[in-house]
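One file, input-v7.pdb, carrying PDB, C-alpha atoms and all ligand atoms:
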ATOM      1  CA  MET A   1      -1.527   5.764 -13.701
ATOM      2  CA  SER A   2       0.373   2.519 -13.653
ATOM      3  CA  ASN A   3      -1.337  -0.602 -14.970
ATOM      4  CA  LYS A   4       1.075  -2.897 -13.243
ATOM      5  CA  ILE A   5      -0.364  -6.027 -11.724
ATOM      6  CA  VAL A   6      -1.197  -5.042  -8.169
ATOM      7  CA  SER A   7       0.332  -7.997  -6.416
ATOM      8  CA  ALA A   8       3.509  -7.652  -8.482
ATOM      9  CA  GLY A   9       5.010  -5.381  -5.847
ATOM     10  CA  ASN A  10       7.482  -7.834  -4.521
ATOM     11  CA  HIS A  11       7.800  -9.946  -7.641
ATOM     12  CA  ARG A  12      10.309  -9.064 -10.276
ATOM     13  CA  VAL A  13      11.463  -9.973 -13.730
ATOM     14  CA  PHE A  14      15.227  -9.928 -14.103
ATOM     15  CA  VAL A  15      16.843  -9.748 -17.511
ATOM     16  CA  ASP A  16      20.371 -10.578 -18.514
ATOM     17  CA  CYS A  17      22.327  -8.083 -20.633
ATOM     18  CA  ASP A  18      24.908  -9.617 -22.974
ATOM     19  CA  ARG A  19      23.570 -11.852 -25.719
ATOM     20  CA  THR A  20      20.083 -11.465 -24.265
ATOM     21  CA  LEU A  21      19.245  -7.780 -24.803
ATOM     22  CA  VAL A  22      22.423  -6.643 -26.524
ATOM     23  CA  ASN A  23      25.555  -7.762 -28.278
ATOM     24  CA  THR A  24      28.638  -5.828 -27.190
ATOM     25  CA  GLU A  25      32.139  -6.109 -28.562
ATOM     26  CA  ILE A  26      35.215  -4.337 -27.221
ATOM     27  CA  TYR A  27      38.193  -3.412 -29.393
ATOM     28  CA  PRO A  28      41.386  -1.443 -28.799
ATOM     29  CA  LEU A  29      40.816   2.248 -29.387
ATOM     30  CA  LEU A  30      42.997   2.516 -32.475
ATOM     31  CA  SER A  31      41.604  -0.340 -34.480
ATOM     32  CA  ARG A  32      39.767  -0.501 -37.780
ATOM     33  CA  HIS A  33      36.533  -0.620 -35.774
ATOM     34  CA  PHE A  34      36.980   3.055 -35.039
ATOM     35  CA  LEU A  35      34.993   3.781 -38.210
ATOM     36  CA  ASP A  36      32.420   1.062 -37.676
ATOM     37  CA  LYS A  37      28.913   2.491 -38.039
ATOM     38  CA  ARG A  38      27.429   0.592 -35.095
ATOM     39  CA  PRO A  39      26.592   2.605 -31.969
ATOM     40  CA  LYS A  40      29.784   3.056 -30.019
ATOM     41  CA  PHE A  41      31.331   4.697 -27.027
ATOM     42  CA  PHE A  42      34.809   4.847 -25.626
ATOM     43  CA  PHE A  43      35.720   3.202 -22.393
ATOM     44  CA  ARG A  44      39.182   2.965 -20.890
ATOM     45  CA  TRP A  45      41.094   3.186 -24.184
ATOM     46  CA  ASN A  46      38.744   0.830 -25.888
ATOM     47  CA  THR A  47      36.125   1.223 -28.545
ATOM     48  CA  VAL A  48      32.895  -0.377 -27.447
ATOM     49  CA  LEU A  49      30.497  -1.397 -30.201
ATOM     50  CA  THR A  50      27.087  -2.408 -29.096
ATOM     51  CA  GLU A  51      23.806  -3.353 -30.710
ATOM     52  CA  ALA A  52      20.384  -3.924 -29.243
ATOM     53  CA  ARG A  53      18.552  -7.096 -30.092
ATOM     54  CA  PRO A  54      15.815  -6.024 -32.512
ATOM     55  CA  SER A  55      13.074  -7.227 -30.141
ATOM     56  CA  ALA A  56      14.669  -5.866 -26.945
ATOM     57  CA  LYS A  57      12.760  -2.599 -26.740
ATOM     58  CA  ALA A  58       9.288  -4.072 -27.315
ATOM     59  CA  PHE A  59      10.065  -6.856 -24.854
ATOM     60  CA  LEU A  60      11.160  -4.468 -22.105
ATOM     61  CA  GLN A  61       8.199  -2.162 -22.707
ATOM     62  CA  GLU A  62       5.757  -5.032 -22.332
ATOM     63  CA  LEU A  63       7.494  -6.398 -19.230
ATOM     64  CA  GLY A  64       7.712  -2.967 -17.669
ATOM     65  CA  SER A  65       3.982  -2.381 -18.152
ATOM     66  CA  LYS A  66       3.256  -5.334 -15.842
ATOM     67  CA  TYR A  67       6.208  -5.994 -13.583
ATOM     68  CA  GLU A  68       9.152  -4.445 -11.859
ATOM     69  CA  VAL A  69      12.127  -5.102 -14.112
ATOM     70  CA  ALA A  70      15.803  -5.182 -13.171
ATOM     71  CA  MET A  71      18.992  -6.423 -14.768
ATOM     72  CA  LEU A  72      21.360  -9.126 -13.575
ATOM     73  CA  THR A  73      24.636  -9.159 -15.474
ATOM     74  CA  LEU A  74      28.040 -10.718 -15.103
ATOM     75  CA  GLY A  75      29.458  -7.455 -16.480
ATOM     76  CA  HIS A  76      30.145  -4.388 -14.339
ATOM     77  CA  SER A  77      26.895  -2.609 -13.547
ATOM     78  CA  LYS A  78      28.275   0.827 -14.491
ATOM     79  CA  PHE A  79      29.592  -0.438 -17.809
ATOM     80  CA  GLN A  80      26.250  -2.008 -18.692
ATOM     81  CA  ALA A  81      24.518   1.231 -17.700
ATOM     82  CA  LYS A  82      26.586   2.966 -20.397
ATOM     83  CA  VAL A  83      25.709   0.285 -22.930
ATOM     84  CA  LEU A  84      21.982   0.635 -22.234
ATOM     85  CA  LYS A  85      22.163   4.414 -22.354
ATOM     86  CA  GLU A  86      23.918   4.281 -25.719
ATOM     87  CA  LEU A  87      21.129   2.083 -27.064
ATOM     88  CA  GLY A  88      18.286   4.109 -25.574
ATOM     89  CA  LEU A  89      17.219   1.229 -23.331
ATOM     90  CA  ALA A  90      18.323   2.633 -19.980
ATOM     91  CA  ASP A  91      14.875   3.878 -18.989
ATOM     92  CA  LEU A  92      13.291   0.506 -19.708
ATOM     93  CA  VAL A  93      15.542  -1.473 -17.400
ATOM     94  CA  GLY A  94      15.335  -0.701 -13.714
ATOM     95  CA  ASP A  95      18.292  -1.223 -11.446
ATOM     96  CA  ILE A  96      21.357  -2.972 -12.808
ATOM     97  CA  TYR A  97      23.153  -5.535 -10.668
ATOM     98  CA  GLY A  98      26.534  -7.020 -11.530
ATOM     99  CA  PRO A  99      29.335  -8.675  -9.563
ATOM    100  CA  ASP A 100      30.245  -5.235  -8.179
ATOM    101  CA  ASN A 101      26.899  -4.650  -6.464
ATOM    102  CA  CYS A 102      25.247  -8.091  -6.310
ATOM    103  CA  ASP A 103      24.921  -7.761  -2.530
ATOM    104  CA  ASN A 104      22.190  -5.206  -3.189
ATOM    105  CA  VAL A 105      19.932  -7.443  -5.284
ATOM    106  CA  PRO A 106      16.511  -6.986  -3.696
ATOM    107  CA  LYS A 107      14.768  -9.871  -1.997
ATOM    108  CA  THR A 108      11.663 -10.942  -3.879
ATOM    109  CA  ASN A 109       8.696 -13.191  -3.222
ATOM    110  CA  GLY A 110       9.076 -14.531  -6.719
ATOM    111  CA  PHE A 111      11.082 -13.853  -9.831
ATOM    112  CA  VAL A 112      11.775 -14.881 -13.391
ATOM    113  CA  LEU A 113      15.188 -14.481 -14.988
ATOM    114  CA  VAL A 114      15.405 -14.223 -18.764
ATOM    115  CA  ASP A 115      18.903 -15.213 -19.851
ATOM    116  CA  ASP A 116      20.700 -16.734 -22.814
ATOM    117  CA  MET A 117      22.728 -19.021 -20.566
ATOM    118  CA  GLU A 118      21.764 -22.629 -20.043
ATOM    119  CA  PRO A 119      19.827 -23.002 -16.760
ATOM    120  CA  HIS A 120      22.358 -25.494 -15.368
ATOM    121  CA  SER A 121      25.345 -23.277 -16.229
ATOM    122  CA  LEU A 122      27.692 -21.680 -13.735
ATOM    123  CA  ALA A 123      26.506 -18.226 -14.814
ATOM    124  CA  ILE A 124      22.956 -19.049 -13.765
ATOM    125  CA  ALA A 125      24.209 -20.620 -10.520
ATOM    126  CA  TYR A 126      25.892 -17.293  -9.692
ATOM    127  CA  LYS A 127      22.774 -15.293 -10.413
ATOM    128  CA  MET A 128      20.559 -17.686  -8.468
ATOM    129  CA  ARG A 129      22.889 -17.168  -5.516
ATOM    130  CA  TRP A 130      22.548 -13.394  -5.844
ATOM    131  CA  LEU A 131      18.797 -13.999  -5.678
ATOM    132  CA  GLY A 132      19.161 -16.000  -2.479
ATOM    133  CA  HIS A 133      18.997 -19.515  -3.930
ATOM    134  CA  GLN A 134      21.986 -21.761  -3.575
ATOM    135  CA  LYS A 135      22.238 -25.268  -4.948
ATOM    136  CA  GLY A 136      23.149 -27.669  -2.179
ATOM    137  CA  LEU A 137      22.746 -31.217  -0.939
ATOM    138  CA  GLU A 138      19.484 -30.317   0.741
ATOM    139  CA  ASN A 139      17.807 -29.148  -2.458
ATOM    140  CA  LEU A 140      19.483 -31.233  -5.180
ATOM    141  CA  GLN A 141      16.209 -33.015  -5.873
ATOM    142  CA  VAL A 142      14.130 -29.905  -6.352
ATOM    143  CA  TRP A 143      16.815 -27.785  -8.022
ATOM    144  CA  PRO A 144      15.838 -28.702 -11.612
ATOM    145  CA  ASP A 145      12.215 -27.753 -10.875
ATOM    146  CA  LYS A 146      13.377 -24.525  -9.305
ATOM    147  CA  LEU A 147      15.363 -23.670 -12.422
ATOM    148  CA  ALA A 148      12.408 -24.577 -14.635
ATOM    149  CA  LEU A 149      10.175 -22.252 -12.659
ATOM    150  CA  HIS A 150      12.518 -19.284 -12.505
ATOM    151  CA  ILE A 151      14.663 -19.368 -15.642
ATOM    152  CA  VAL A 152      13.436 -18.561 -19.131
ATOM    153  CA  GLN A 153      16.267 -19.224 -21.539
ATOM    154  CA  CYS A 154      16.467 -17.302 -24.809
ATOM    155  CA  ARG A 155      18.564 -17.998 -27.848
ATOM    156  CA  PRO A 156      21.730 -15.870 -27.760
ATOM    157  CA  PHE A 157      21.773 -12.686 -29.832
ATOM    158  CA  THR A 158      25.088 -12.226 -31.594
ATOM    159  CA  GLY A 159      24.414  -9.001 -33.472
ATOM    160  CA  GLY A 160      22.846  -7.911 -36.707
ATOM    161  CA  THR A 161      19.310  -7.232 -37.788
ATOM    162  CA  GLU A 162      18.204 -10.867 -37.660
ATOM    163  CA  ASP A 163      16.481 -11.972 -34.484
ATOM    164  CA  SER A 164      16.215 -15.739 -34.723
ATOM    165  CA  GLU A 165      14.052 -15.809 -31.614
ATOM    166  CA  PRO A 166      12.374 -12.494 -30.760
ATOM    167  CA  LEU A 167      12.281 -12.001 -27.005
ATOM    168  CA  THR A 168       8.623 -11.072 -27.321
ATOM    169  CA  ASP A 169       7.955 -14.744 -28.150
ATOM    170  CA  LEU A 170       9.009 -15.532 -24.584
ATOM    171  CA  LEU A 171       6.449 -13.247 -22.954
ATOM    172  CA  PRO A 172       3.852 -16.034 -22.466
ATOM    173  CA  SER A 173       6.484 -18.120 -20.624
ATOM    174  CA  VAL A 174       7.295 -15.189 -18.364
ATOM    175  CA  HIS A 175       3.638 -14.396 -17.669
ATOM    176  CA  GLU A 176       2.825 -18.030 -16.948
ATOM    177  CA  ARG A 177       5.603 -18.337 -14.367
ATOM    178  CA  MET A 178       4.885 -14.999 -12.722
ATOM    179  CA  THR A 179       1.178 -15.809 -12.495
ATOM    180  CA  GLN A 180       1.961 -19.182 -10.938
ATOM    181  CA  MET A 181       4.222 -17.613  -8.315
ATOM    182  CA  MET A 182       1.733 -14.908  -7.422
ATOM    183  CA  ALA A 183      -1.051 -17.503  -7.108
ATOM    184  CA  GLU A 184       1.073 -19.647  -4.809
ATOM    185  CA  GLU A 185       1.746 -16.669  -2.608
ATOM    186  CA  GLN A 186      -1.995 -15.986  -2.275
ATOM    187  CA  LYS A 187      -2.441 -19.533  -0.934
ATOM    188  CA  ASP A 188       0.140 -19.072   1.828
TER     189      ASP A 188
HETATM  190 MG    MG B   1      24.186 -13.380 -21.405
END
Re-express the file's structure as structure tokens.
Amino acid sequence: MSNKIVSAGNHRVFVDCDRTLVNTEIYPLLSRHFLDKRPKFFFRWNTVLTEARPSAKAFLQELGSKYEVAMLTLGHSKFQAKVLKELGLADLVGDIYGPDNCDNVPKTNGFVLVDDMEPHSLAIAYKMRWLGHQKGLENLQVWPDKLALHIVQCRPFTGGTEDSEPLTDLLPSVHERMTQMMAEEQKD
């Protein structure tokens, strides 16, 4: 039986892919990286080397035990699906949304996005738009608060066995925001 928080039905945690959960590098097929020991797969005449952040699995397992989880990436959704499969993380991330299928991002009553990008960056602006929130003159004043509520920024992961900031350290920030959003919904 699922132990997910009951009212979490229409609330979701979105996670970014590159530099948040994984570090992926793409090289021409016939390069010295062909013999690199890192997990790899071949994609359109390229060698793709990818590594999971050491804390990624534990983070996703904990999130998935409480919330619906999905991925928002600026990469192609099918490419990232291959990356996650290669790393054994595919089952821990729900649906994957990229620029190719961002029209299908589900509407939520509340969400948190965990991402290595700075909340005020263009990348986050894109993803917020996919989630139905667009920065405009009418909400300029509240936009910073909106970002603070929805975005949990992590330090970028650039490969290797060192994890300067384990994602699991961010779980309290995620829980706090999700709890706040669910409580506000109860009031309405
Ligand atoms: Mg990223």
- Message: Hey, which residues sit close to ligand MG 1 (chain B)? Say within 10 Å, counting all atoms listed in the file, and write them as an NGL selection string.
- Response: :A and (15-23 or 72-75 or 114-118 or 123-124 or 153-157)
- Name the residues captured by the PyMOL selection byres (((chain A and resi 62) around 12) and not hetatm) when it is applied to the shown file; answer as a PyMOL selection string. chain A and resi 3-4+13+55-61+63-69+92-93+167-172+174-175
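Here CA of Trp45 in chain A and CA of Leu29 in chain A stand 5.3 Å from one another.
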- Item | Coordinates-based distance that separates CA of Asp163 in chain A from CA of Ser31 in chain A (Å, one decimal) | 27.7 Å
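Between CA of Phe41 in chain A and CA of Gly159 in chain A lies a distance of 16.6 Å.
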- Message: Neighbouring residues of Lys107 in chain A were defined as those with any atom within 10 Å, considering only C-alpha atoms; residues of the same chain fewer than 5 positions away were excluded. Please report them as JSON, numbers by chain.
- Response: {"A": [10, 11, 12, 130, 131, 132]}
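Distances from A:Thr50, A:Leu30, A:Phe111, A:Ala70 to Ile96 in chain A were compared using all atoms listed in the file, and the smallest one belongs to A:Ala70.
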- Message: Applying the PyMOL selection byres (((chain A and resi 135) around 12) and not hetatm) to the file I just gave you, which residues come out? Please list them as a PyMOL selection string.
- Response: chain A and resi 120-122+124-134+136-147
What would the file look like if the residues just selected were written as a PDB file, keeping the file's coordinate frame with C-alpha atoms?
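Written output follows (selection-v9.pdb):
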ATOM      1  CA  HIS A 120      22.358 -25.494 -15.368  1.00  0.00           C
ATOM      2  CA  SER A 121      25.345 -23.277 -16.229  1.00  0.00           C
ATOM      3  CA  LEU A 122      27.692 -21.680 -13.735  1.00  0.00           C
ATOM      4  CA  ILE A 124      22.956 -19.049 -13.765  1.00  0.00           C
ATOM      5  CA  ALA A 125      24.209 -20.620 -10.520  1.00  0.00           C
ATOM      6  CA  TYR A 126      25.892 -17.293  -9.692  1.00  0.00           C
ATOM      7  CA  LYS A 127      22.774 -15.293 -10.413  1.00  0.00           C
ATOM      8  CA  MET A 128      20.559 -17.686  -8.468  1.00  0.00           C
ATOM      9  CA  ARG A 129      22.889 -17.168  -5.516  1.00  0.00           C
ATOM     10  CA  TRP A 130      22.548 -13.394  -5.844  1.00  0.00           C
ATOM     11  CA  LEU A 131      18.797 -13.999  -5.678  1.00  0.00           C
ATOM     12  CA  GLY A 132      19.161 -16.000  -2.479  1.00  0.00           C
ATOM     13  CA  HIS A 133      18.997 -19.515  -3.930  1.00  0.00           C
ATOM     14  CA  GLN A 134      21.986 -21.761  -3.575  1.00  0.00           C
ATOM     15  CA  GLY A 136      23.149 -27.669  -2.179  1.00  0.00           C
ATOM     16  CA  LEU A 137      22.746 -31.217  -0.939  1.00  0.00           C
ATOM     17  CA  GLU A 138      19.484 -30.317   0.741  1.00  0.00           C
ATOM     18  CA  ASN A 139      17.807 -29.148  -2.458  1.00  0.00           C
ATOM     19  CA  LEU A 140      19.483 -31.233  -5.180  1.00  0.00           C
ATOM     20  CA  GLN A 141      16.209 -33.015  -5.873  1.00  0.00           C
ATOM     21  CA  VAL A 142      14.130 -29.905  -6.352  1.00  0.00           C
ATOM     22  CA  TRP A 143      16.815 -27.785  -8.022  1.00  0.00           C
ATOM     23  CA  PRO A 144      15.838 -28.702 -11.612  1.00  0.00           C
ATOM     24  CA  ASP A 145      12.215 -27.753 -10.875  1.00  0.00           C
ATOM     25  CA  LYS A 146      13.377 -24.525  -9.305  1.00  0.00           C
ATOM     26  CA  LEU A 147      15.363 -23.670 -12.422  1.00  0.00           C
TER      27      LEU A 147
END
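For the structure in this document, the set picked by the PyMOL selection byres (((chain A and resi 48) around 7) and not hetatm) is A:Thr24, A:Glu25, A:Ile26, A:Tyr27, A:Lys40, A:Phe41, A:Phe42, A:Phe43, A:Asn46, A:Thr47, A:Leu49, A:Thr50.
Proximity ranking of A:Phe14, A:Glu165, A:Ile151, A:Asp36 relative to Asp95 in chain A places A:Phe14 first, based on all atoms listed in the file.
Minimum atom-to-atom distances from A:Lys37, A:Arg44, A:Glu176, A:Met71 to Val105 in chain A were compared using only C-alpha atoms, and the lowest value belongs to A:Met71.
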Missing atoms in range 30-53 of chain A: can you complete it with N, CA and C atoms, as a PDB file, keeping the file's coordinate frame?
ATOM      1  N   LEU A  30      42.505   2.237 -31.129  1.00  0.00           N
ATOM      2  CA  LEU A  30      42.997   2.516 -32.475  1.00  0.00           C
ATOM      3  C   LEU A  30      42.942   1.260 -33.334  1.00  0.00           C
ATOM      4  N   SER A  31      41.751   0.833 -33.624  1.00  0.00           N
ATOM      5  CA  SER A  31      41.604  -0.340 -34.480  1.00  0.00           C
ATOM      6  C   SER A  31      40.699   0.055 -35.637  1.00  0.00           C
ATOM      7  N   ARG A  32      40.584  -0.820 -36.603  1.00  0.00           N
ATOM      8  CA  ARG A  32      39.767  -0.501 -37.780  1.00  0.00           C
ATOM      9  C   ARG A  32      38.302  -0.297 -37.388  1.00  0.00           C
ATOM     10  N   HIS A  33      37.924  -0.774 -36.209  1.00  0.00           N
ATOM     11  CA  HIS A  33      36.533  -0.620 -35.774  1.00  0.00           C
ATOM     12  C   HIS A  33      36.187   0.813 -35.392  1.00  0.00           C
ATOM     13  N   PHE A  34      37.216   1.652 -35.370  1.00  0.00           N
ATOM     14  CA  PHE A  34      36.980   3.055 -35.039  1.00  0.00           C
ATOM     15  C   PHE A  34      35.919   3.653 -35.972  1.00  0.00           C
ATOM     16  N   LEU A  35      35.924   3.217 -37.225  1.00  0.00           N
ATOM     17  CA  LEU A  35      34.993   3.781 -38.210  1.00  0.00           C
ATOM     18  C   LEU A  35      33.721   2.937 -38.386  1.00  0.00           C
ATOM     19  N   ASP A  36      33.608   1.913 -37.603  1.00  0.00           N
ATOM     20  CA  ASP A  36      32.420   1.062 -37.676  1.00  0.00           C
ATOM     21  C   ASP A  36      31.174   1.904 -37.402  1.00  0.00           C
ATOM     22  N   LYS A  37      30.114   1.653 -38.156  1.00  0.00           N
ATOM     23  CA  LYS A  37      28.913   2.491 -38.039  1.00  0.00           C
ATOM     24  C   LYS A  37      28.011   2.113 -36.848  1.00  0.00           C
ATOM     25  N   ARG A  38      28.282   0.995 -36.211  1.00  0.00           N
ATOM     26  CA  ARG A  38      27.429   0.592 -35.095  1.00  0.00           C
ATOM     27  C   ARG A  38      27.548   1.592 -33.942  1.00  0.00           C
ATOM     28  N   PRO A  39      26.501   1.687 -33.113  1.00  0.00           N
ATOM     29  CA  PRO A  39      26.592   2.605 -31.969  1.00  0.00           C
ATOM     30  C   PRO A  39      27.844   2.280 -31.155  1.00  0.00           C
ATOM     31  N   LYS A  40      28.555   3.324 -30.761  1.00  0.00           N
ATOM     32  CA  LYS A  40      29.784   3.056 -30.019  1.00  0.00           C
ATOM     33  C   LYS A  40      30.044   4.110 -28.949  1.00  0.00           C
ATOM     34  N   PHE A  41      30.822   3.732 -27.994  1.00  0.00           N
ATOM     35  CA  PHE A  41      31.331   4.697 -27.027  1.00  0.00           C
ATOM     36  C   PHE A  41      32.727   4.256 -26.640  1.00  0.00           C
ATOM     37  N   PHE A  42      33.420   5.140 -25.957  1.00  0.00           N
ATOM     38  CA  PHE A  42      34.809   4.847 -25.626  1.00  0.00           C
ATOM     39  C   PHE A  42      34.914   4.615 -24.132  1.00  0.00           C
ATOM     40  N   PHE A  43      35.652   3.598 -23.799  1.00  0.00           N
ATOM     41  CA  PHE A  43      35.720   3.202 -22.393  1.00  0.00           C
ATOM     42  C   PHE A  43      37.124   2.684 -22.111  1.00  0.00           C
ATOM     43  N   ARG A  44      37.828   3.380 -21.293  1.00  0.00           N
ATOM     44  CA  ARG A  44      39.182   2.965 -20.890  1.00  0.00           C
ATOM     45  C   ARG A  44      40.056   2.545 -22.073  1.00  0.00           C
ATOM     46  N   TRP A  45      40.230   3.439 -23.023  1.00  0.00           N
ATOM     47  CA  TRP A  45      41.094   3.186 -24.184  1.00  0.00           C
ATOM     48  C   TRP A  45      40.596   2.076 -25.078  1.00  0.00           C
ATOM     49  N   ASN A  46      39.336   1.817 -24.986  1.00  0.00           N
ATOM     50  CA  ASN A  46      38.744   0.830 -25.888  1.00  0.00           C
ATOM     51  C   ASN A  46      37.581   1.450 -26.649  1.00  0.00           C
ATOM     52  N   THR A  47      37.322   0.872 -27.791  1.00  0.00           N
ATOM     53  CA  THR A  47      36.125   1.223 -28.545  1.00  0.00           C
ATOM     54  C   THR A  47      35.093   0.144 -28.245  1.00  0.00           C
ATOM     55  N   VAL A  48      33.941   0.577 -27.777  1.00  0.00           N
ATOM     56  CA  VAL A  48      32.895  -0.377 -27.447  1.00  0.00           C
ATOM     57  C   VAL A  48      31.792  -0.269 -28.499  1.00  0.00           C
ATOM     58  N   LEU A  49      31.556  -1.355 -29.191  1.00  0.00           N
ATOM     59  CA  LEU A  49      30.497  -1.397 -30.201  1.00  0.00           C
ATOM     60  C   LEU A  49      29.371  -2.227 -29.635  1.00  0.00           C
ATOM     61  N   THR A  50      28.187  -1.676 -29.701  1.00  0.00           N
ATOM     62  CA  THR A  50      27.087  -2.408 -29.096  1.00  0.00           C
ATOM     63  C   THR A  50      25.824  -2.284 -29.939  1.00  0.00           C
ATOM     64  N   GLU A  51      25.058  -3.326 -29.962  1.00  0.00           N
ATOM     65  CA  GLU A  51      23.806  -3.353 -30.710  1.00  0.00           C
ATOM     66  C   GLU A  51      22.717  -3.930 -29.835  1.00  0.00           C
ATOM     67  N   ALA A  52      21.522  -3.364 -29.970  1.00  0.00           N
ATOM     68  CA  ALA A  52      20.384  -3.924 -29.243  1.00  0.00           C
ATOM     69  C   ALA A  52      19.776  -5.045 -30.072  1.00  0.00           C
ATOM     70  N   ARG A  53      19.316  -6.054 -29.398  1.00  0.00           N
ATOM     71  CA  ARG A  53      18.552  -7.096 -30.092  1.00  0.00           C
ATOM     72  C   ARG A  53      17.306  -6.420 -30.669  1.00  0.00           C
TER      73      ARG A  53
END
